[in-house]
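See below for the structure under consideration.
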Amino acid sequence: MVSFIGAGPGDPELLTIKGKRIIDSADVIIYAGSLVNPQVLEGAKKDAVIYNSAKMNLDEVIEVIKDAEGRGLKVARVHTGDPAIFGAHREQMDRLDELGIEYEVIPGVSSFLAAAAVLKKEYTLPGVSQTVILTRMEGRTPMPPREKLVELAQHNSTMIIFLSAGMLEEMSAVLRQAYKPETPVAVVYKATWEDQKIVYGDLTNIAERVKEAGIYKTALTVVGDFLGNEYDLSKLYDKTFTTEFRKGVID
């Protein structure tokens with residue numbers, strides 16, 4: 001059995017109990033070494049064979065899995081955050097389907113959720129934004145039609161931008177075409193890691209502030225008025241609002 005595991009954003013204690021159990025019992029571990037915190041692997045068996053997929057191509061990853069499966073070994077394929085978001089694990093699963101190799105997927109805590117936690121913010125504030133867009137800047141990998149950043153920005157919703165910390169000047173210029181220039185922005189470098197950094201600003205100055213902080217990769221950019229302090233209170237806990245579980249009280 002092959003287990004695709006979301007290893008979380010960095011803090012090894014944010015690895016799920018199930019994910020840790022599988023990693024600690026695996027015979028072969030293939031982990032995304034450019035992003036996964038090595039501390040996640042500290043409970044691995046002494047005789048476990050560990051591969052860093054940052055130095056491997058798709059064919060090499062599949063060959064290791066195929067060989068291990070043929071010998072009846074348990075494989076943990078460890079991705080950062082949750083593999084469903086920019087994890088490139090679909091192409092691996094499709095190859096395993098072709099080979100008739102069984103697998104499972106263990107979800108993890110995505111870095112965009114860790115960013116909200118360390119910022120102590122809520123992405124979906126009543127009266128501010130009820131929509132969260134996860135995207136990235138166009139780089140060597142092109143964006144699909146109608147998913148250009150400037151088009152997505154027209155919604156003025158909460159936006160989480162991955163894989164783009166090195167393009168903040170261009171990003172800010174594009175976003176200013178849709179958001180007001182003073183829209184708050186935060187860049188979170190390595191959320192929940194020991195060397196985590198947070199830089200605050202707006203669409204006019206965030207690029208310069210991040211440059212001064214020496215951040216150019218391994219960071220998320222979050223954009224939107226959810227970073228501010230003005231919002232409506234929720235109906236969920238409004239004492240005058242009737243729900244399935246309680247009757248509203250009229251003042």
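Residues in the structure tokens are named by chain (A, B, ... in the order shown) and by number from 1 within that chain; ligands are numbered from 1 in the order shown.
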Residues near Ser172 in chain A, anyone? I mean within 8 Å using only C-alpha atoms, not counting same-chain ones fewer than 4 positions away, as a PDB file with N, CA and C atoms, in the first residue's frame.
```
ATOM      1  N   LEU A 168       6.458  39.979  -6.262  1.00  0.00           N
ATOM      2  CA  LEU A 168       5.512  40.843  -5.555  1.00  0.00           C
ATOM      3  C   LEU A 168       5.286  42.198  -6.219  1.00  0.00           C
ATOM      4  N   ARG A 176      -3.643  46.041  -8.021  1.00  0.00           N
ATOM      5  CA  ARG A 176      -4.120  47.427  -7.905  1.00  0.00           C
ATOM      6  C   ARG A 176      -5.078  47.817  -9.033  1.00  0.00           C
ATOM      7  N   LEU A 203      -1.027  47.261  -0.861  1.00  0.00           N
ATOM      8  CA  LEU A 203      -0.636  47.028  -2.251  1.00  0.00           C
ATOM      9  C   LEU A 203       0.333  48.067  -2.800  1.00  0.00           C
ATOM     10  N   THR A 204       0.603  49.108  -2.020  1.00  0.00           N
ATOM     11  CA  THR A 204       1.567  50.116  -2.465  1.00  0.00           C
ATOM     12  C   THR A 204       2.974  49.877  -1.924  1.00  0.00           C
ATOM     13  N   ILE A 206       3.983  46.596  -0.019  1.00  0.00           N
ATOM     14  CA  ILE A 206       4.326  45.252   0.455  1.00  0.00           C
ATOM     15  C   ILE A 206       5.558  44.688  -0.247  1.00  0.00           C
ATOM     16  N   ALA A 207       5.731  44.971  -1.535  1.00  0.00           N
ATOM     17  CA  ALA A 207       6.868  44.433  -2.282  1.00  0.00           C
ATOM     18  C   ALA A 207       8.184  44.914  -1.685  1.00  0.00           C
TER      19      ALA A 207
END
```
(request) Quote the spacing between CA of Leu14 in chain A and CA of Ile50 in chain A in Å to one decimal place. (result) 21.0 Å
(request) Measuring atom to atom with only C-alpha atoms, identify which of A:Val174, A:Ile250, A:Ala115, A:Val40 is nearest to Ala186 in chain A. (result)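 The closest residue to Ala186 in chain A is A:Ala115.
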(request) Tell me, in Å to one decimal, how far CA of Val210 in chain A is from CA of Pro83 in chain A. (result) 26.8 Å
Residue set, range 1-242 of chain A restricted to strand (DSSP E or B), as a compact mmCIF listing (two decimals) with all heavy atoms, in the first residue's frame:
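Contents of result.txt, freshly written:
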```txt
# COMPACT_ATOMS: atom_id res chain seq x y z
N VAL A 2 0.49 2.20 -0.81
CA VAL A 2 1.16 3.50 -0.85
C VAL A 2 0.26 4.52 -0.18
O VAL A 2 -0.94 4.57 -0.45
CB VAL A 2 1.44 3.93 -2.30
CG1 VAL A 2 2.11 5.29 -2.33
CG2 VAL A 2 2.28 2.88 -3.01
N SER A 3 0.82 5.32 0.69
CA SER A 3 0.05 6.36 1.38
C SER A 3 0.60 7.73 1.00
O SER A 3 1.75 8.04 1.30
CB SER A 3 0.12 6.18 2.90
OG SER A 3 -0.43 4.94 3.30
N PHE A 4 -0.22 8.54 0.33
CA PHE A 4 0.12 9.94 0.08
C PHE A 4 -0.29 10.72 1.32
O PHE A 4 -1.45 10.66 1.75
CB PHE A 4 -0.62 10.47 -1.15
CG PHE A 4 -0.13 9.91 -2.45
CD1 PHE A 4 -0.69 8.75 -2.98
CD2 PHE A 4 0.90 10.53 -3.14
CE1 PHE A 4 -0.23 8.23 -4.19
CE2 PHE A 4 1.36 10.02 -4.36
CZ PHE A 4 0.80 8.86 -4.87
N ILE A 5 0.66 11.43 1.90
CA ILE A 5 0.42 12.07 3.19
C ILE A 5 0.67 13.58 3.10
O ILE A 5 1.72 14.01 2.63
CB ILE A 5 1.34 11.47 4.27
CG1 ILE A 5 1.06 9.98 4.43
CG2 ILE A 5 1.17 12.20 5.60
CD1 ILE A 5 2.08 9.26 5.28
N GLY A 6 -0.30 14.35 3.56
CA GLY A 6 -0.10 15.78 3.72
C GLY A 6 0.60 16.01 5.04
O GLY A 6 0.04 15.75 6.11
N GLY A 8 1.50 18.72 6.50
CA GLY A 8 1.24 19.97 7.20
C GLY A 8 2.17 21.08 6.77
O GLY A 8 3.04 20.91 5.92
N VAL A 28 9.55 2.47 3.24
CA VAL A 28 10.12 3.40 2.27
C VAL A 28 9.40 4.74 2.40
O VAL A 28 8.16 4.77 2.43
CB VAL A 28 9.99 2.86 0.84
CG1 VAL A 28 10.50 3.88 -0.18
CG2 VAL A 28 10.74 1.54 0.68
N ILE A 29 10.17 5.81 2.50
CA ILE A 29 9.60 7.15 2.60
C ILE A 29 10.15 8.01 1.47
O ILE A 29 11.36 8.10 1.28
CB ILE A 29 9.94 7.80 3.95
CG1 ILE A 29 9.38 6.98 5.11
CG2 ILE A 29 9.42 9.24 4.01
CD1 ILE A 29 9.86 7.45 6.48
N ILE A 30 9.25 8.60 0.71
CA ILE A 30 9.63 9.55 -0.33
C ILE A 30 9.03 10.89 0.07
O ILE A 30 7.81 11.03 0.12
CB ILE A 30 9.10 9.13 -1.71
CG1 ILE A 30 9.47 7.68 -2.02
CG2 ILE A 30 9.64 10.05 -2.79
CD1 ILE A 30 8.77 7.12 -3.26
N TYR A 31 9.88 11.87 0.39
CA TYR A 31 9.34 13.13 0.88
C TYR A 31 9.82 14.31 0.04
O TYR A 31 10.89 14.27 -0.56
CB TYR A 31 9.73 13.35 2.35
CG TYR A 31 11.14 13.83 2.59
CD1 TYR A 31 11.38 15.14 2.99
CD2 TYR A 31 12.23 12.98 2.41
CE1 TYR A 31 12.68 15.59 3.22
CE2 TYR A 31 13.52 13.42 2.63
CZ TYR A 31 13.75 14.73 3.03
OH TYR A 31 15.03 15.17 3.24
N VAL A 49 14.09 3.25 4.32
CA VAL A 49 14.85 3.86 3.22
C VAL A 49 14.15 5.16 2.85
O VAL A 49 12.96 5.17 2.54
CB VAL A 49 14.92 2.92 2.00
CG1 VAL A 49 15.73 3.57 0.89
CG2 VAL A 49 15.51 1.57 2.41
N ILE A 50 14.90 6.28 2.89
CA ILE A 50 14.30 7.60 2.70
C ILE A 50 14.84 8.25 1.43
O ILE A 50 16.06 8.31 1.22
CB ILE A 50 14.57 8.49 3.92
CG1 ILE A 50 13.96 7.85 5.18
CG2 ILE A 50 14.00 9.89 3.70
CD1 ILE A 50 14.25 8.61 6.46
N TYR A 51 13.93 8.73 0.60
CA TYR A 51 14.29 9.41 -0.64
C TYR A 51 13.78 10.85 -0.60
O TYR A 51 12.67 11.11 -0.12
CB TYR A 51 13.65 8.71 -1.85
CG TYR A 51 14.12 7.31 -2.11
CD1 TYR A 51 13.51 6.24 -1.47
CD2 TYR A 51 15.14 7.05 -3.02
CE1 TYR A 51 13.92 4.93 -1.71
CE2 TYR A 51 15.56 5.75 -3.27
CZ TYR A 51 14.95 4.70 -2.61
OH TYR A 51 15.36 3.41 -2.86
N ASN A 52 14.58 11.77 -1.13
CA ASN A 52 14.19 13.18 -1.25
C ASN A 52 13.72 13.41 -2.68
O ASN A 52 14.53 13.45 -3.61
CB ASN A 52 15.37 14.08 -0.91
CG ASN A 52 15.05 15.55 -1.03
OD1 ASN A 52 13.96 15.94 -1.45
ND2 ASN A 52 16.00 16.39 -0.67
N VAL A 75 4.90 2.04 1.70
CA VAL A 75 5.47 3.29 1.18
C VAL A 75 4.69 4.50 1.70
O VAL A 75 3.46 4.55 1.61
CB VAL A 75 5.47 3.32 -0.36
CG1 VAL A 75 6.05 4.63 -0.87
CG2 VAL A 75 6.24 2.13 -0.92
N ALA A 76 5.41 5.48 2.22
CA ALA A 76 4.82 6.77 2.60
C ALA A 76 5.34 7.82 1.63
O ALA A 76 6.54 8.08 1.56
CB ALA A 76 5.19 7.14 4.03
N ARG A 77 4.43 8.41 0.87
CA ARG A 77 4.79 9.49 -0.06
C ARG A 77 4.38 10.80 0.60
O ARG A 77 3.20 11.12 0.67
CB ARG A 77 4.08 9.28 -1.40
CG ARG A 77 4.33 10.41 -2.42
CD ARG A 77 5.80 10.46 -2.82
NE ARG A 77 6.04 11.42 -3.90
CZ ARG A 77 6.68 12.57 -3.75
NH1 ARG A 77 7.12 12.94 -2.54
NH2 ARG A 77 6.89 13.36 -4.78
N VAL A 78 5.35 11.53 1.11
CA VAL A 78 5.08 12.67 1.99
C VAL A 78 5.17 13.99 1.23
O VAL A 78 6.23 14.36 0.72
CB VAL A 78 6.04 12.66 3.19
CG1 VAL A 78 5.68 13.78 4.17
CG2 VAL A 78 6.01 11.31 3.90
N HIS A 79 4.05 14.70 1.19
CA HIS A 79 3.98 16.01 0.55
C HIS A 79 3.83 17.08 1.63
O HIS A 79 3.41 16.81 2.75
CB HIS A 79 2.78 16.08 -0.40
CG HIS A 79 2.97 15.33 -1.67
ND1 HIS A 79 3.28 15.95 -2.86
CD2 HIS A 79 2.90 14.01 -1.95
CE1 HIS A 79 3.38 15.05 -3.82
NE2 HIS A 79 3.16 13.86 -3.29
N GLY A 81 2.07 20.45 3.37
CA GLY A 81 0.71 20.96 3.52
C GLY A 81 -0.32 19.88 3.26
O GLY A 81 -0.31 18.83 3.89
N TYR A 103 -3.45 2.70 -3.41
CA TYR A 103 -2.94 3.83 -2.62
C TYR A 103 -4.08 4.48 -1.87
O TYR A 103 -5.27 4.25 -2.15
CB TYR A 103 -2.25 4.85 -3.53
CG TYR A 103 -3.13 5.40 -4.63
CD1 TYR A 103 -3.97 6.50 -4.42
CD2 TYR A 103 -3.14 4.80 -5.89
CE1 TYR A 103 -4.78 6.99 -5.41
CE2 TYR A 103 -3.95 5.28 -6.90
CZ TYR A 103 -4.77 6.37 -6.66
OH TYR A 103 -5.59 6.85 -7.65
N GLU A 104 -3.72 5.31 -0.91
CA GLU A 104 -4.68 6.12 -0.17
C GLU A 104 -4.11 7.52 -0.03
O GLU A 104 -2.91 7.74 -0.24
CB GLU A 104 -4.94 5.52 1.22
CG GLU A 104 -3.69 5.48 2.09
CD GLU A 104 -3.95 4.91 3.48
OE1 GLU A 104 -5.13 4.76 3.86
OE2 GLU A 104 -2.96 4.63 4.19
N VAL A 105 -4.96 8.48 0.33
CA VAL A 105 -4.52 9.85 0.53
C VAL A 105 -4.91 10.29 1.94
O VAL A 105 -6.08 10.19 2.32
CB VAL A 105 -5.15 10.80 -0.50
CG1 VAL A 105 -4.65 12.23 -0.28
CG2 VAL A 105 -4.84 10.35 -1.93
N ILE A 106 -3.93 10.76 2.70
CA ILE A 106 -4.16 11.26 4.05
C ILE A 106 -4.05 12.78 4.00
O ILE A 106 -2.98 13.32 3.75
CB ILE A 106 -3.12 10.69 5.04
CG1 ILE A 106 -2.97 9.18 4.89
CG2 ILE A 106 -3.50 11.08 6.47
CD1 ILE A 106 -4.23 8.40 5.08
N VAL A 132 -13.05 32.78 -0.76
CA VAL A 132 -11.59 32.71 -0.70
C VAL A 132 -11.08 32.13 -2.01
O VAL A 132 -11.49 31.04 -2.41
CB VAL A 132 -11.12 31.83 0.48
CG1 VAL A 132 -9.59 31.79 0.52
CG2 VAL A 132 -11.68 32.35 1.80
N ILE A 133 -10.20 32.85 -2.68
CA ILE A 133 -9.61 32.39 -3.93
C ILE A 133 -8.17 31.96 -3.65
O ILE A 133 -7.37 32.73 -3.13
CB ILE A 133 -9.62 33.49 -5.00
CG1 ILE A 133 -11.07 33.82 -5.40
CG2 ILE A 133 -8.82 33.06 -6.23
CD1 ILE A 133 -11.19 34.95 -6.41
N LEU A 134 -7.85 30.73 -3.99
CA LEU A 134 -6.48 30.21 -3.90
C LEU A 134 -5.91 30.19 -5.31
O LEU A 134 -6.47 29.55 -6.20
CB LEU A 134 -6.47 28.79 -3.33
CG LEU A 134 -7.20 28.54 -2.01
CD1 LEU A 134 -7.08 27.07 -1.61
CD2 LEU A 134 -6.66 29.42 -0.91
N THR A 135 -4.80 30.86 -5.52
CA THR A 135 -4.24 30.93 -6.87
C THR A 135 -2.75 31.20 -6.80
O THR A 135 -2.14 31.12 -5.72
CB THR A 135 -4.97 32.01 -7.70
OG1 THR A 135 -4.57 31.91 -9.07
CG2 THR A 135 -4.71 33.41 -7.17
N ARG A 136 -2.16 31.52 -7.93
CA ARG A 136 -0.74 31.86 -7.99
C ARG A 136 -0.51 32.80 -9.17
O ARG A 136 -1.38 32.97 -10.03
CB ARG A 136 0.11 30.60 -8.15
CG ARG A 136 -0.14 29.86 -9.46
CD ARG A 136 0.88 28.76 -9.69
NE ARG A 136 0.63 28.03 -10.92
CZ ARG A 136 0.99 28.43 -12.13
NH1 ARG A 136 1.60 29.59 -12.29
NH2 ARG A 136 0.74 27.69 -13.20
N THR A 158 -11.31 37.66 -0.55
CA THR A 158 -10.06 37.26 0.08
C THR A 158 -9.25 36.44 -0.93
O THR A 158 -9.78 35.53 -1.56
CB THR A 158 -10.34 36.41 1.33
OG1 THR A 158 -11.02 37.22 2.30
CG2 THR A 158 -9.05 35.86 1.92
N MET A 159 -7.99 36.78 -1.10
CA MET A 159 -7.16 36.06 -2.07
C MET A 159 -5.90 35.54 -1.40
O MET A 159 -5.22 36.26 -0.66
CB MET A 159 -6.80 36.97 -3.25
CG MET A 159 -6.09 36.24 -4.38
SD MET A 159 -5.89 37.27 -5.87
CE MET A 159 -7.57 37.29 -6.50
N ILE A 160 -5.61 34.27 -1.66
CA ILE A 160 -4.40 33.62 -1.15
C ILE A 160 -3.54 33.26 -2.35
O ILE A 160 -3.97 32.49 -3.22
CB ILE A 160 -4.72 32.33 -0.36
CG1 ILE A 160 -5.94 32.53 0.56
CG2 ILE A 160 -3.49 31.83 0.38
CD1 ILE A 160 -5.75 33.53 1.64
N ILE A 161 -2.35 33.81 -2.42
CA ILE A 161 -1.52 33.63 -3.61
C ILE A 161 -0.28 32.82 -3.26
O ILE A 161 0.56 33.24 -2.46
CB ILE A 161 -1.14 35.00 -4.21
CG1 ILE A 161 -2.42 35.81 -4.48
CG2 ILE A 161 -0.33 34.82 -5.49
CD1 ILE A 161 -2.17 37.24 -4.85
N PHE A 162 -0.19 31.64 -3.84
CA PHE A 162 0.92 30.72 -3.61
C PHE A 162 2.06 30.99 -4.60
O PHE A 162 1.86 31.62 -5.64
CB PHE A 162 0.45 29.27 -3.83
CG PHE A 162 -0.43 28.69 -2.75
CD1 PHE A 162 -1.74 29.10 -2.61
CD2 PHE A 162 0.04 27.71 -1.89
CE1 PHE A 162 -2.57 28.56 -1.64
CE2 PHE A 162 -0.77 27.16 -0.92
CZ PHE A 162 -2.08 27.59 -0.79
N PRO A 184 -5.15 45.95 2.55
CA PRO A 184 -4.09 45.33 3.36
C PRO A 184 -3.59 44.01 2.78
O PRO A 184 -4.35 43.25 2.17
CB PRO A 184 -4.75 45.12 4.72
CG PRO A 184 -6.20 45.16 4.47
CD PRO A 184 -6.42 46.03 3.27
N VAL A 185 -2.31 43.75 3.00
CA VAL A 185 -1.65 42.55 2.50
C VAL A 185 -0.73 42.03 3.59
O VAL A 185 -0.13 42.81 4.34
CB VAL A 185 -0.80 42.86 1.24
CG1 VAL A 185 -0.14 41.58 0.71
CG2 VAL A 185 -1.64 43.52 0.16
N ALA A 186 -0.62 40.73 3.69
CA ALA A 186 0.38 40.12 4.57
C ALA A 186 1.11 39.02 3.80
O ALA A 186 0.50 38.29 3.02
CB ALA A 186 -0.26 39.54 5.83
N VAL A 187 2.39 38.94 4.00
CA VAL A 187 3.20 37.86 3.44
C VAL A 187 3.71 37.03 4.60
O VAL A 187 4.35 37.55 5.52
CB VAL A 187 4.36 38.39 2.59
CG1 VAL A 187 5.30 37.25 2.18
CG2 VAL A 187 3.82 39.11 1.35
N VAL A 188 3.39 35.74 4.57
CA VAL A 188 3.78 34.83 5.64
C VAL A 188 4.83 33.86 5.11
O VAL A 188 4.55 33.05 4.23
CB VAL A 188 2.57 34.05 6.19
CG1 VAL A 188 2.99 33.18 7.38
CG2 VAL A 188 1.45 35.01 6.60
N TYR A 189 6.01 33.97 5.66
CA TYR A 189 7.13 33.11 5.27
C TYR A 189 7.20 31.92 6.22
O TYR A 189 7.26 32.07 7.44
CB TYR A 189 8.43 33.91 5.33
CG TYR A 189 9.72 33.11 5.20
CD1 TYR A 189 10.14 32.66 3.95
CD2 TYR A 189 10.50 32.82 6.31
CE1 TYR A 189 11.32 31.94 3.82
CE2 TYR A 189 11.67 32.10 6.19
CZ TYR A 189 12.09 31.66 4.94
OH TYR A 189 13.25 30.95 4.82
N LYS A 197 8.33 34.18 9.44
CA LYS A 197 8.31 35.64 9.39
C LYS A 197 6.96 36.10 8.85
O LYS A 197 6.37 35.44 7.98
CB LYS A 197 9.41 36.18 8.48
CG LYS A 197 10.83 35.95 8.94
CD LYS A 197 11.81 36.55 7.93
CE LYS A 197 13.26 36.28 8.32
NZ LYS A 197 14.21 36.83 7.30
N ILE A 198 6.50 37.25 9.34
CA ILE A 198 5.27 37.86 8.83
C ILE A 198 5.56 39.31 8.48
O ILE A 198 6.12 40.05 9.30
CB ILE A 198 4.13 37.80 9.86
CG1 ILE A 198 3.81 36.35 10.26
CG2 ILE A 198 2.88 38.50 9.30
CD1 ILE A 198 2.79 36.24 11.38
N VAL A 199 5.21 39.71 7.28
CA VAL A 199 5.39 41.09 6.85
C VAL A 199 4.03 41.65 6.46
O VAL A 199 3.31 41.05 5.66
CB VAL A 199 6.36 41.18 5.64
CG1 VAL A 199 6.50 42.63 5.19
CG2 VAL A 199 7.72 40.59 6.00
N TYR A 200 3.68 42.79 7.04
CA TYR A 200 2.41 43.45 6.75
C TYR A 200 2.64 44.68 5.86
O TYR A 200 3.69 45.31 5.92
CB TYR A 200 1.73 43.90 8.04
CG TYR A 200 1.28 42.80 8.95
CD1 TYR A 200 2.07 42.38 10.02
CD2 TYR A 200 0.04 42.17 8.77
CE1 TYR A 200 1.66 41.37 10.87
CE2 TYR A 200 -0.38 41.16 9.61
CZ TYR A 200 0.42 40.76 10.67
OH TYR A 200 0.01 39.76 11.51
N GLY A 201 1.64 45.02 5.10
CA GLY A 201 1.68 46.23 4.30
C GLY A 201 0.40 46.39 3.53
O GLY A 201 -0.65 45.86 3.94
N ASP A 202 0.46 47.10 2.43
CA ASP A 202 -0.69 47.20 1.52
C ASP A 202 -0.16 47.08 0.10
O ASP A 202 1.03 46.80 -0.12
CB ASP A 202 -1.48 48.49 1.75
CG ASP A 202 -0.65 49.76 1.52
OD1 ASP A 202 0.25 49.75 0.66
OD2 ASP A 202 -0.92 50.78 2.19
N ALA A 219 6.76 31.37 0.76
CA ALA A 219 5.87 32.30 1.46
C ALA A 219 4.54 32.39 0.74
O ALA A 219 4.44 32.20 -0.47
CB ALA A 219 6.51 33.69 1.56
N LEU A 220 3.51 32.71 1.51
CA LEU A 220 2.18 32.95 0.98
C LEU A 220 1.87 34.44 1.07
O LEU A 220 2.23 35.10 2.04
CB LEU A 220 1.12 32.21 1.80
CG LEU A 220 0.88 30.73 1.56
CD1 LEU A 220 -0.20 30.24 2.52
CD2 LEU A 220 0.46 30.48 0.14
N THR A 221 1.17 34.94 0.07
CA THR A 221 0.68 36.32 0.12
C THR A 221 -0.83 36.27 0.31
O THR A 221 -1.53 35.60 -0.46
CB THR A 221 1.01 37.06 -1.18
OG1 THR A 221 2.42 37.03 -1.40
CG2 THR A 221 0.54 38.51 -1.10
N VAL A 222 -1.33 36.96 1.32
CA VAL A 222 -2.77 37.01 1.56
C VAL A 222 -3.23 38.45 1.40
O VAL A 222 -2.58 39.38 1.89
CB VAL A 222 -3.15 36.45 2.95
CG1 VAL A 222 -2.76 34.99 3.04
CG2 VAL A 222 -2.49 37.22 4.08
N VAL A 223 -4.33 38.63 0.68
CA VAL A 223 -4.79 39.96 0.31
C VAL A 223 -6.27 40.11 0.64
O VAL A 223 -7.07 39.20 0.35
CB VAL A 223 -4.60 40.18 -1.21
CG1 VAL A 223 -5.05 41.57 -1.62
CG2 VAL A 223 -3.16 39.93 -1.63
```
(message) To test your reading of the structure, identify every residue in range 2-132 of chain A that backbone DSSP assigns to alpha helix (DSSP H), and report it as a PyMOL selection string.
(response) chain A and resi 17-25+58-70+90-99+111-119
(request) Excluding Pro126 in chain A and any residue of its chain fewer than 6 positions from it, enumerate the residues within 8 Å of it, using only C-alpha atoms, and give them as a PyMOL selection string. (result) chain A and resi 231-234
(message) Could you list, as a list in words, every residue within 9 Å of Pro38 in chain A, counting only C-alpha atoms and ignoring same-chain residues fewer than 5 positions away?
(response) Gly10, Pro12, Tyr31 and Gly33 of chain A
(request) Skip range 61-64 of chain A itself and residues of its chain fewer than 4 positions away, then list as a list in words all residues within 8 Å of it, counting only C-alpha atoms. (result)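 So, after excluding close chain neighbours, the residues are Ile30, Ser53, Met56, Asn57, Ala68, Gln92, Arg95 and Leu96 of chain A.
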May I have the residues within 10 Å of Glu151 in chain A as a short mmCIF file (atom, residue, chain, number, x, y, z; two decimals) with N, CA and C atoms, in the first residue's frame, using only C-alpha atoms and disregarding those fewer than 6 positions away in the same chain?
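Output (result-v1.cif):
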```cif
data_model
loop_
_atom_site.label_atom_id
_atom_site.label_comp_id
_atom_site.auth_asym_id
_atom_site.auth_seq_id
_atom_site.Cartn_x
_atom_site.Cartn_y
_atom_site.Cartn_z
N VAL A 174 -0.65 44.34 -10.62
CA VAL A 174 -1.82 43.69 -11.21
C VAL A 174 -3.02 43.83 -10.28
N LEU A 175 -2.82 43.58 -8.99
CA LEU A 175 -3.94 43.63 -8.03
C LEU A 175 -4.49 45.03 -7.87
N GLN A 177 -5.13 47.00 -10.07
CA GLN A 177 -6.09 47.26 -11.14
C GLN A 177 -7.52 46.93 -10.71
N ALA A 178 -7.66 46.18 -9.62
CA ALA A 178 -8.98 45.77 -9.16
C ALA A 178 -9.24 46.15 -7.69
#
```
